[in-house]
Structure formats: structure tokens, C-alpha cells
$ cat coords.json   # JSON, C-alpha atoms
[["chain", "number", "residue", "atom", "x", "y", "z"],
["A", 26, "MET", "CA", 15.50, 117.91, 104.24],
["A", 27, "TRP", "CA", 12.43, 116.10, 102.82],
["A", 28, "ILE", "CA", 10.69, 119.28, 101.71],
["A", 29, "ARG", "CA", 13.92, 120.65, 100.16],
["A", 30, "MET", "CA", 14.51, 117.45, 98.19],
["A", 31, "MET", "CA", 10.86, 117.25, 97.14],
["A", 32, "LEU", "CA", 10.92, 120.86, 95.93],
["A", 33, "VAL", "CA", 14.02, 120.16, 93.82],
["A", 34, "CYS", "CA", 12.30, 117.03, 92.53],
["A", 35, "PHE", "CA", 9.05, 118.93, 91.84],
["A", 36, "LEU", "CA", 10.85, 121.64, 89.84],
["A", 37, "THR", "CA", 13.24, 119.42, 87.88],
["A", 38, "ASN", "CA", 10.64, 116.74, 87.12],
["A", 39, "GLY", "CA", 8.13, 119.36, 86.00],
["A", 40, "LEU", "CA", 10.68, 121.23, 83.86],
["A", 41, "GLY", "CA", 11.89, 117.91, 82.41],
["A", 42, "ALA", "CA", 8.35, 117.02, 81.37],
["A", 43, "PHE", "CA", 7.97, 120.41, 79.64],
["A", 44, "GLY", "CA", 10.29, 119.08, 76.91],
["A", 45, "LEU", "CA", 7.37, 117.14, 75.43],
["A", 46, "ARG", "CA", 5.36, 120.37, 75.17],
["A", 47, "ILE", "CA", 8.32, 122.09, 73.46],
["A", 48, "MET", "CA", 8.52, 119.17, 71.00],
["A", 49, "SER", "CA", 4.81, 119.44, 70.35],
["A", 50, "GLY", "CA", 5.19, 123.21, 69.81],
["A", 51, "MET", "CA", 7.89, 122.51, 67.20],
["A", 52, "GLY", "CA", 5.66, 119.90, 65.52],
["A", 53, "LEU", "CA", 8.13, 117.10, 66.24],
["A", 54, "SER", "CA", 6.34, 115.06, 68.88],
["A", 55, "GLU", "CA", 4.61, 112.58, 66.55],
["A", 56, "ALA", "CA", 7.47, 111.67, 64.22],
["A", 57, "PHE", "CA", 10.30, 111.79, 66.74],
["A", 58, "LYS", "CA", 8.66, 110.50, 69.93],
["A", 59, "LEU", "CA", 10.92, 107.46, 70.18],
["A", 60, "PRO", "CA", 14.23, 109.20, 69.31],
["A", 61, "TYR", "CA", 13.31, 111.85, 71.88],
["A", 62, "LEU", "CA", 12.74, 109.21, 74.56],
["A", 63, "MET", "CA", 16.02, 107.48, 73.72],
["A", 64, "LEU", "CA", 18.07, 110.68, 73.82],
["A", 65, "TRP", "CA", 16.28, 111.69, 77.02],
["A", 66, "TYR", "CA", 17.29, 108.43, 78.77],
["A", 67, "TRP", "CA", 20.89, 108.56, 77.48],
["A", 68, "SER", "CA", 21.47, 112.16, 78.55],
["A", 69, "GLY", "CA", 20.00, 111.31, 81.95],
["A", 70, "LEU", "CA", 22.50, 108.46, 82.13],
["A", 71, "LEU", "CA", 25.36, 110.80, 81.28],
["A", 72, "LEU", "CA", 24.60, 113.08, 84.24],
["A", 73, "ALA", "CA", 23.84, 110.17, 86.59],
["A", 74, "ALA", "CA", 27.14, 108.48, 85.64],
["A", 75, "LEU", "CA", 29.15, 111.68, 86.14],
["A", 76, "VAL", "CA", 27.64, 112.15, 89.60],
["A", 77, "PHE", "CA", 27.97, 108.50, 90.64],
["A", 78, "PHE", "CA", 31.42, 107.60, 89.28],
["A", 79, "ALA", "CA", 33.00, 110.80, 90.62],
["A", 80, "LYS", "CA", 33.00, 109.26, 94.10],
["A", 81, "GLN", "CA", 31.88, 105.64, 93.88],
["A", 82, "ASN", "CA", 33.10, 102.75, 91.78],
["A", 83, "CYS", "CA", 30.40, 100.16, 91.11],
["A", 84, "PRO", "CA", 26.70, 99.68, 91.91],
["A", 85, "HIS", "CA", 25.86, 96.76, 94.21],
["A", 86, "ARG", "CA", 23.89, 93.78, 92.91],
["A", 87, "ARG", "CA", 20.66, 94.85, 94.70],
["A", 88, "GLU", "CA", 21.01, 98.35, 93.22],
["A", 89, "LEU", "CA", 21.40, 96.87, 89.74],
["A", 90, "MET", "CA", 18.31, 94.70, 90.26],
["A", 91, "ILE", "CA", 16.07, 97.40, 91.71],
["A", 92, "GLY", "CA", 17.37, 99.91, 89.12],
["A", 93, "GLY", "CA", 16.51, 97.34, 86.44],
["A", 94, "GLY", "CA", 12.98, 96.98, 87.82],
["A", 95, "LEU", "CA", 12.57, 100.75, 87.85],
["A", 96, "ALA", "CA", 13.87, 101.07, 84.29],
["A", 97, "LEU", "CA", 11.63, 98.29, 83.01],
["A", 98, "SER", "CA", 8.60, 99.84, 84.70],
["A", 99, "SER", "CA", 9.48, 103.25, 83.28],
["A", 100, "VAL", "CA", 9.95, 102.04, 79.69],
["A", 101, "ILE", "CA", 6.84, 99.79, 79.75],
["A", 102, "GLY", "CA", 4.82, 102.61, 81.32],
["A", 103, "GLN", "CA", 5.84, 105.09, 78.60],
["A", 104, "LEU", "CA", 5.37, 102.64, 75.73],
["A", 105, "GLY", "CA", 2.08, 101.37, 77.20],
["A", 106, "MET", "CA", 0.67, 104.90, 77.17],
["A", 107, "ALA", "CA", 1.94, 105.51, 73.63],
["A", 108, "TYR", "CA", 0.39, 102.26, 72.36],
["A", 109, "SER", "CA", -2.93, 102.78, 74.11],
["A", 110, "LEU", "CA", -3.12, 106.18, 72.36],
["A", 111, "ASP", "CA", -2.26, 104.47, 69.05],
["A", 112, "TYR", "CA", -5.07, 101.95, 69.64],
["A", 113, "GLY", "CA", -7.59, 104.75, 69.90],
["A", 114, "ILE", "CA", -7.94, 105.40, 73.64],
["A", 115, "PRO", "CA", -8.42, 109.20, 73.97],
["A", 116, "GLY", "CA", -5.52, 111.19, 75.42],
["A", 117, "TYR", "CA", -7.59, 112.63, 78.28],
["A", 118, "VAL", "CA", -8.35, 109.06, 79.41],
["A", 119, "VAL", "CA", -4.77, 107.77, 79.01],
["A", 120, "PHE", "CA", -3.12, 110.71, 80.79],
["A", 121, "GLN", "CA", -5.64, 110.52, 83.60],
["A", 122, "VAL", "CA", -5.98, 106.77, 84.17],
["A", 123, "ALA", "CA", -2.34, 105.61, 83.87],
["A", 124, "PRO", "CA", -0.58, 108.09, 86.19],
["A", 125, "GLY", "CA", -3.64, 108.49, 88.46],
["A", 126, "GLY", "CA", -4.11, 104.74, 88.88],
["A", 127, "GLY", "CA", -0.38, 104.30, 89.44],
["A", 128, "LEU", "CA", -0.44, 107.00, 92.11],
["A", 129, "PHE", "CA", -3.38, 105.34, 93.88],
["A", 130, "LEU", "CA", -1.53, 101.99, 93.80],
["A", 131, "VAL", "CA", 1.61, 103.51, 95.38],
["A", 132, "VAL", "CA", -0.37, 105.24, 98.14],
["A", 133, "ILE", "CA", -2.19, 101.99, 98.98],
["A", 134, "VAL", "CA", 1.06, 99.97, 98.99],
["A", 135, "GLY", "CA", 2.78, 102.59, 101.19],
["A", 136, "ILE", "CA", -0.01, 102.54, 103.77],
["A", 137, "VAL", "CA", -0.90, 98.83, 103.71],
["A", 138, "PHE", "CA", 2.46, 97.07, 103.13],
["A", 139, "PHE", "CA", 4.99, 99.57, 104.47],
["A", 140, "LYS", "CA", 2.73, 100.66, 107.37],
["A", 141, "GLU", "CA", 3.24, 104.35, 106.71],
["A", 142, "ARG", "CA", 1.22, 106.55, 109.06],
["A", 143, "ILE", "CA", -0.59, 109.42, 107.41],
["A", 144, "SER", "CA", -1.97, 112.31, 109.46],
["A", 145, "GLY", "CA", -5.23, 114.06, 108.63],
["A", 146, "TYR", "CA", -3.21, 116.73, 106.80],
["A", 147, "GLY", "CA", -1.41, 114.07, 104.75],
["A", 148, "LEU", "CA", -4.64, 112.34, 103.84],
["A", 149, "ALA", "CA", -6.22, 115.65, 102.83],
["A", 150, "GLY", "CA", -3.08, 116.44, 100.79],
["A", 151, "ILE", "CA", -3.27, 113.10, 98.96],
["A", 152, "ILE", "CA", -6.98, 113.53, 98.18],
["A", 153, "LEU", "CA", -6.51, 117.15, 97.06],
["A", 154, "GLY", "CA", -3.48, 116.11, 94.97],
["A", 155, "MET", "CA", -5.42, 113.35, 93.23],
["A", 156, "THR", "CA", -8.32, 115.73, 92.61],
["A", 157, "ALA", "CA", -5.93, 118.34, 91.20],
["A", 158, "LEU", "CA", -4.40, 115.80, 88.80],
["A", 159, "ALA", "CA", -7.85, 114.63, 87.69],
["A", 160, "VAL", "CA", -8.99, 118.20, 87.04],
["A", 161, "LEU", "CA", -5.73, 119.00, 85.18],
["A", 162, "ALA", "CA", -6.14, 115.93, 82.99],
["A", 163, "PHE", "CA", -9.68, 116.85, 81.97],
["A", 164, "ALA", "CA", -9.19, 120.65, 81.82],
["B", 29, "MET", "CA", -11.88, 95.13, 76.44],
["B", 30, "HIS", "CA", -9.68, 95.72, 73.41],
["B", 31, "LEU", "CA", -5.92, 95.92, 73.05],
["B", 32, "GLY", "CA", -5.81, 99.65, 73.83],
["B", 33, "HIS", "CA", -7.34, 99.03, 77.27],
["B", 34, "LEU", "CA", -4.86, 96.26, 77.92],
["B", 35, "PHE", "CA", -1.93, 98.59, 77.12],
["B", 36, "LEU", "CA", -3.47, 101.21, 79.39],
["B", 37, "PHE", "CA", -3.78, 98.72, 82.26],
["B", 38, "VAL", "CA", -0.16, 97.56, 81.79],
["B", 39, "SER", "CA", 0.93, 101.19, 81.76],
["B", 40, "LEU", "CA", -1.00, 101.91, 84.98],
["B", 41, "LEU", "CA", 0.63, 98.95, 86.75],
["B", 42, "SER", "CA", 4.10, 99.87, 85.47],
["B", 43, "LEU", "CA", 3.83, 103.50, 86.58],
["B", 44, "GLY", "CA", 2.71, 102.30, 89.99],
["B", 45, "PHE", "CA", 5.61, 99.89, 90.18],
["B", 46, "ILE", "CA", 8.05, 102.78, 89.68],
["B", 47, "GLY", "CA", 6.96, 104.18, 93.03],
["B", 48, "ILE", "CA", 7.07, 100.76, 94.68],
["B", 49, "PHE", "CA", 10.61, 100.10, 93.37],
["B", 50, "HIS", "CA", 11.72, 103.50, 94.72],
["B", 51, "LYS", "CA", 10.37, 102.47, 98.12],
["B", 52, "LEU", "CA", 12.09, 99.09, 97.88],
["B", 53, "ALA", "CA", 15.38, 100.82, 97.03],
["B", 54, "ASP", "CA", 15.01, 102.90, 100.18],
["B", 55, "HIS", "CA", 13.93, 99.88, 102.22],
["B", 56, "PHE", "CA", 17.04, 97.92, 101.15],
["B", 57, "LYS", "CA", 19.27, 100.95, 101.80],
["B", 58, "CYS", "CA", 20.35, 101.40, 98.19],
["B", 59, "ARG", "CA", 22.44, 104.51, 97.51],
["B", 60, "PRO", "CA", 20.39, 107.20, 95.67],
["B", 61, "LYS", "CA", 23.24, 107.94, 93.21],
["B", 62, "ALA", "CA", 23.61, 104.23, 92.40],
["B", 63, "ILE", "CA", 19.86, 103.86, 91.84],
["B", 64, "ASN", "CA", 19.90, 106.89, 89.56],
["B", 65, "VAL", "CA", 22.72, 105.54, 87.41],
["B", 66, "THR", "CA", 21.28, 102.01, 87.18],
["B", 67, "VAL", "CA", 17.80, 103.28, 86.26],
["B", 68, "PHE", "CA", 19.12, 105.34, 83.35],
["B", 69, "LEU", "CA", 21.59, 102.64, 82.30],
["B", 70, "TRP", "CA", 18.94, 99.89, 82.08],
["B", 71, "ALA", "CA", 16.32, 102.19, 80.58],
["B", 72, "GLY", "CA", 18.83, 103.42, 77.99],
["B", 73, "VAL", "CA", 19.67, 99.84, 77.03],
["B", 74, "LEU", "CA", 16.00, 98.77, 76.90],
["B", 75, "ILE", "CA", 14.94, 101.69, 74.73],
["B", 76, "LEU", "CA", 17.95, 101.15, 72.44],
["B", 77, "ILE", "CA", 16.94, 97.49, 71.99],
["B", 78, "TYR", "CA", 13.36, 98.57, 71.27],
["B", 79, "VAL", "CA", 14.51, 101.18, 68.72],
["B", 80, "LEU", "CA", 16.70, 98.61, 66.96],
["B", 81, "ILE", "CA", 14.01, 95.87, 66.95],
["B", 82, "THR", "CA", 11.39, 98.23, 65.51],
["B", 83, "GLY", "CA", 13.88, 99.43, 62.88],
["B", 84, "ARG", "CA", 13.67, 103.06, 63.95],
["B", 85, "GLY", "CA", 17.42, 103.51, 64.41],
["B", 86, "PRO", "CA", 17.82, 105.79, 61.37],
["B", 87, "LEU", "CA", 15.15, 108.09, 62.79],
["B", 88, "VAL", "CA", 17.46, 108.91, 65.70],
["B", 89, "LEU", "CA", 20.18, 110.01, 63.28],
["B", 90, "GLN", "CA", 17.69, 112.05, 61.23],
["B", 91, "ALA", "CA", 16.38, 113.89, 64.28],
["B", 92, "PRO", "CA", 16.86, 117.68, 64.15],
["B", 93, "LYS", "CA", 19.58, 119.22, 66.33],
["B", 94, "LYS", "CA", 17.06, 121.07, 68.49],
["B", 95, "LEU", "CA", 15.55, 117.71, 69.47],
["B", 96, "TYR", "CA", 18.97, 116.63, 70.76],
["B", 97, "LEU", "CA", 19.18, 119.87, 72.72],
["B", 98, "VAL", "CA", 15.71, 119.63, 74.29],
["B", 99, "ALA", "CA", 15.96, 115.89, 75.02],
["B", 100, "GLY", "CA", 19.47, 116.35, 76.46],
["B", 101, "LEU", "CA", 18.45, 119.17, 78.76],
["B", 102, "CYS", "CA", 15.25, 117.43, 79.87],
["B", 103, "GLY", "CA", 17.15, 114.17, 80.46],
["B", 104, "PHE", "CA", 19.55, 116.07, 82.74],
["B", 105, "LEU", "CA", 16.60, 117.54, 84.63],
["B", 106, "ALA", "CA", 14.92, 114.12, 84.95],
["B", 107, "SER", "CA", 18.15, 112.63, 86.28],
["B", 108, "THR", "CA", 18.32, 115.37, 88.93],
["B", 109, "ALA", "CA", 14.65, 114.73, 89.77],
["B", 110, "ILE", "CA", 15.16, 110.99, 90.33],
["B", 111, "LEU", "CA", 18.28, 111.58, 92.41],
["B", 112, "SER", "CA", 16.58, 114.15, 94.65],
["B", 113, "PHE", "CA", 13.45, 111.97, 94.93],
["B", 114, "GLN", "CA", 15.43, 108.91, 96.01],
["B", 115, "ALA", "CA", 17.51, 110.99, 98.44],
["B", 116, "GLY", "CA", 14.38, 112.69, 99.82],
["B", 117, "LEU", "CA", 12.68, 109.35, 100.36],
["B", 118, "ARG", "CA", 15.21, 108.63, 103.13],
["B", 119, "HIS", "CA", 13.50, 111.36, 105.14],
["B", 120, "GLY", "CA", 9.87, 110.80, 104.15],
["B", 121, "LYS", "CA", 7.11, 108.44, 103.09],
["B", 122, "ILE", "CA", 6.45, 107.01, 99.65],
["B", 123, "SER", "CA", 2.70, 107.63, 99.95],
["B", 124, "THR", "CA", 3.18, 111.40, 100.27],
["B", 125, "SER", "CA", 6.43, 111.79, 98.26],
["B", 126, "TRP", "CA", 4.87, 110.04, 95.25],
["B", 127, "VAL", "CA", 2.00, 112.53, 95.31],
["B", 128, "VAL", "CA", 4.51, 115.43, 95.18],
["B", 129, "ILE", "CA", 6.39, 114.04, 92.17],
["B", 130, "ASN", "CA", 3.08, 113.44, 90.37],
["B", 131, "LEU", "CA", 1.92, 116.97, 91.16],
["B", 132, "SER", "CA", 4.94, 118.30, 89.25],
["B", 133, "THR", "CA", 2.90, 117.71, 86.08],
["B", 134, "ALA", "CA", 1.26, 121.02, 86.99],
["B", 135, "LEU", "CA", 4.50, 122.83, 86.12],
["B", 136, "PRO", "CA", 4.29, 122.15, 82.35],
["B", 137, "THR", "CA", 0.71, 123.48, 82.53],
["B", 138, "VAL", "CA", 1.93, 126.72, 84.14],
["B", 139, "LEU", "CA", 4.81, 127.02, 81.64],
["B", 140, "SER", "CA", 2.45, 126.35, 78.72],
["B", 141, "ILE", "CA", 0.30, 129.24, 79.94],
["B", 142, "LEU", "CA", 3.34, 131.53, 80.29],
["B", 143, "VAL", "CA", 5.34, 130.49, 77.21],
["B", 144, "TYR", "CA", 2.70, 129.36, 74.71],
["B", 145, "LYS", "CA", -0.01, 131.72, 75.96],
["B", 146, "GLU", "CA", -2.43, 128.83, 76.46],
["B", 147, "ARG", "CA", -5.78, 129.92, 77.82],
["B", 148, "VAL", "CA", -6.26, 129.70, 81.59],
["B", 149, "THR", "CA", -9.62, 128.02, 82.05],
["B", 150, "ILE", "CA", -11.45, 128.08, 85.37],
["B", 151, "ALA", "CA", -10.77, 124.34, 85.74],
["B", 152, "LYS", "CA", -7.03, 124.77, 85.14],
["B", 153, "GLY", "CA", -6.82, 127.67, 87.59],
["B", 154, "PHE", "CA", -8.75, 125.67, 90.19],
["B", 155, "ALA", "CA", -6.46, 122.63, 89.70],
["B", 156, "LEU", "CA", -3.32, 124.76, 90.12],
["B", 157, "ILE", "CA", -4.66, 126.17, 93.40],
["B", 158, "LEU", "CA", -5.39, 122.59, 94.53],
["B", 159, "VAL", "CA", -1.80, 121.59, 93.66],
["B", 160, "ILE", "CA", -0.39, 124.33, 95.93],
["B", 161, "ALA", "CA", -2.84, 123.43, 98.70],
["B", 162, "ALA", "CA", -1.95, 119.73, 98.41],
["B", 163, "ILE", "CA", 1.80, 120.42, 98.67],
["B", 164, "LEU", "CA", 1.26, 122.64, 101.73],
["B", 165, "LEU", "CA", -0.84, 119.92, 103.39],
["B", 166, "LEU", "CA", 1.79, 117.25, 102.65],
["B", 167, "TRP", "CA", 4.45, 119.54, 104.12],
["B", 168, "LYS", "CA", 2.27, 119.96, 107.22],
["B", 169, "ASP", "CA", 1.98, 116.15, 107.43],
["B", 170, "LYS", "CA", 5.79, 115.95, 107.38],
["B", 171, "GLN", "CA", 6.02, 118.56, 110.17],
["B", 172, "GLN", "CA", 3.56, 116.49, 112.23],
["B", 173, "ASP", "CA", 5.77, 113.43, 111.73],
["B", 174, "GLU", "CA", 8.82, 115.35, 112.88],
["B", 175, "LYS", "CA", 6.98, 116.66, 115.96],
["B", 176, "ALA", "CA", 5.82, 113.13, 116.82],
["B", 177, "GLY", "CA", 9.38, 111.86, 116.27],
["B", 178, "SER", "CA", 10.92, 114.46, 118.58],
["B", 179, "ARG", "CA", 8.30, 113.69, 121.25],
["B", 180, "LEU", "CA", 9.25, 110.02, 121.11],
["B", 181, "ASN", "CA", 12.98, 110.78, 121.02],
["B", 182, "PRO", "CA", 13.61, 114.21, 122.66],
["B", 183, "SER", "CA", 17.40, 113.95, 122.29],
["B", 184, "THR", "CA", 17.19, 114.31, 118.48]]
$ encode --input "coords.json" --output "C-alpha cells"
Amino acid sequence: MWIRMMLVCFLTNGLGAFGLRIMSGMGLSEAFKLPYLMLWYWSGLLLAALVFFAKQNCPHRRELMIGGGLALSSVIGQLGMAYSLDYGIPGYVVFQVAPGGGLFLVVIVGIVFFKERISGYGLAGIILGMTALAVLAFA
Amino acid sequence: MHLGHLFLFVSLLSLGFIGIFHKLADHFKCRPKAINVTVFLWAGVLILIYVLITGRGPLVLQAPKKLYLVAGLCGFLASTAILSFQAGLRHGKISTSWVVINLSTALPTVLSILVYKERVTIAKGFALILVIAAILLLWKDKQQDEKAGSRLNPST
């Protein structure tokens, strides 16, 4: 089940991110970055609401709070990257440091605080994954 | 350190916190569909407030129709991604799952090569091979977990 869900996630997340490249190809990414982000979140909400309210009625308080934390992190993360680019940090640094550092933080928290056990294969996968992302960012 | 570095640091922390909040949602047994709807609801509200405060509301109305189409479609895809990630996390670890979702950034690179005929450099080709190898290794890690689990609990 994990690999199936992760493959769906890999494909949809990757295809979803391609929208920014399409925008850039159309020459719209600079002027309409913010409207794009807003429409992106609202259309995501439309699908999420259709899926959720078809069978369930109301999110629980803890779901609202954790969802709020996720949303705040997502919006601040996106705006933080946009502003650091505006303040002259080169794109290859921003797109490498922010997601890469975030990834490192999550791996450390997973292992240290949630006591997740990683096999040799998993550790090699994490290191190779981080290397791949670093190479992609600088390529 | 100037302001740009500060924004970068805040961004790094925030992106990391996304993964940690996903893990917390799983830890507190939140329903994946509920998390998905609350994430997009709050984010939609926050970005709307930001757009209104910065006075960029009219820009949304001036946006070309194709922007609506691309953003709409990509928003749908992102919603599916978050839902499947949160659901998948019930069966896996955040430390490996978060690597997989981050590796999906390789897909736009592949599509850019195919659609926009971007040049395939040696570095890009090497990175894409590493992405595939990393996913296979993380899958193997998951299989090891399942084997260890069935050894501990043979009835499952």
C-alpha cells in the first residue's frame, strides 16, 4: 500500500509542480505568481472538499489545528522562497537550500523524535535522494 | 546576514515543518481526507488575506484564462498528492516518505526535457538515475520493514 500511495503522490506532486514551468514557458510566471498560487490553493480546496464532504461532515478540532499548521508552513515556505529571490539570493541557492534543508530536518525529526528505524537500504536511499536533489538544483 | 538570508532560513524551517505536521497528523490519527481539506482551506484563506493586504486582488481578475486552467489542474493534482501522501504515511515512515515526495521534483525536469526540449546535461541525466535508484532503495527499505514485521507477528 505504501509504495502504491507514494507512486501516486510522486506522479501527482511532480505533475502539479510542472504548472510553474508551463507558466514560465508562457511568460506569465513573474507577473502572475501570486494569482497562480491563489488559484492553485483554491482549486485544490475544491477537489479536497468534494472528496471529504461526500462521506464525512466536519473536520475534528485537531484536524483543523494540524491542517492550519500545515497551511501556514506551506504559505510561509512559498512566500519565503519568493522573497529571498526578490532580495537577491540566486535561484540555484534558494531552490537547493530551502527544500533540501527542510528534507534534512524532517529525516532527523523522524529518526530522533519518532524513533523510526531505517535499514541500510533506507539510509542509502535517503543519501542518494538528497544527492540527486542537490545535483538537480545545480544542473 | 541580510534579509534575503533570513527569508531563506524561514522558508527552510517552514518547508521542514510541513513534513513534521504530516507526521503529527498521522501520530494523532487524523483522517487523511480531513487533513487535505483543512490544509487547502486554511492555505486558501491565508493567501487570500495576503493578496488583499498587498493590494494584488485586481491582478487575479486580470489573469489570463489559461492561467486559471493550469492553476486549476495543478491544484487538483496537488490535492491528490497530499491526500495520497497522508494516506500512505499510515503504512510508512516520514523519514523515507518525505524523501519520495521531494524526489518528485525530478518529474518537471523530465517533462521539461520532453515538452520544452531542454538540453539533457550529464549532471541532469546522472541526477535522474540517482532519483530512480533512491526510490528503489526506499522501496527495499519498506520491504525489509514488512519482513521484520511479519517475523515479529507471523499471523499477519
$ interface_residues --input "coords.json" --of "chain B" --to "chain A" --cutoff "6 Å" --atoms "only C-alpha atoms" --output "PyMOL selection string"
chain B and resi 32+35-36+39-40+42-44+46-47+49+58+61-72+75+88+99-100+102-107+109+112-113+116+119+122-123+129+132-133+135-136+151-152+155+158-159+162+165-166+169
$ atom_distance --input "coords.json" --atom1 "CA of Ile48 (chain B)" --atom2 "CA of Trp126 (chain B)"
9.6 Å
$ atom_distance --input "coords.json" --atom1 "CA of Leu117 (chain B)" --atom2 "CA of Val98 (chain B)"
28.2 Å
$ atom_distance --input "coords.json" --atom1 "CA of Glu174 (chain B)" --atom2 "CA of Ala115 (chain B)"
17.4 Å
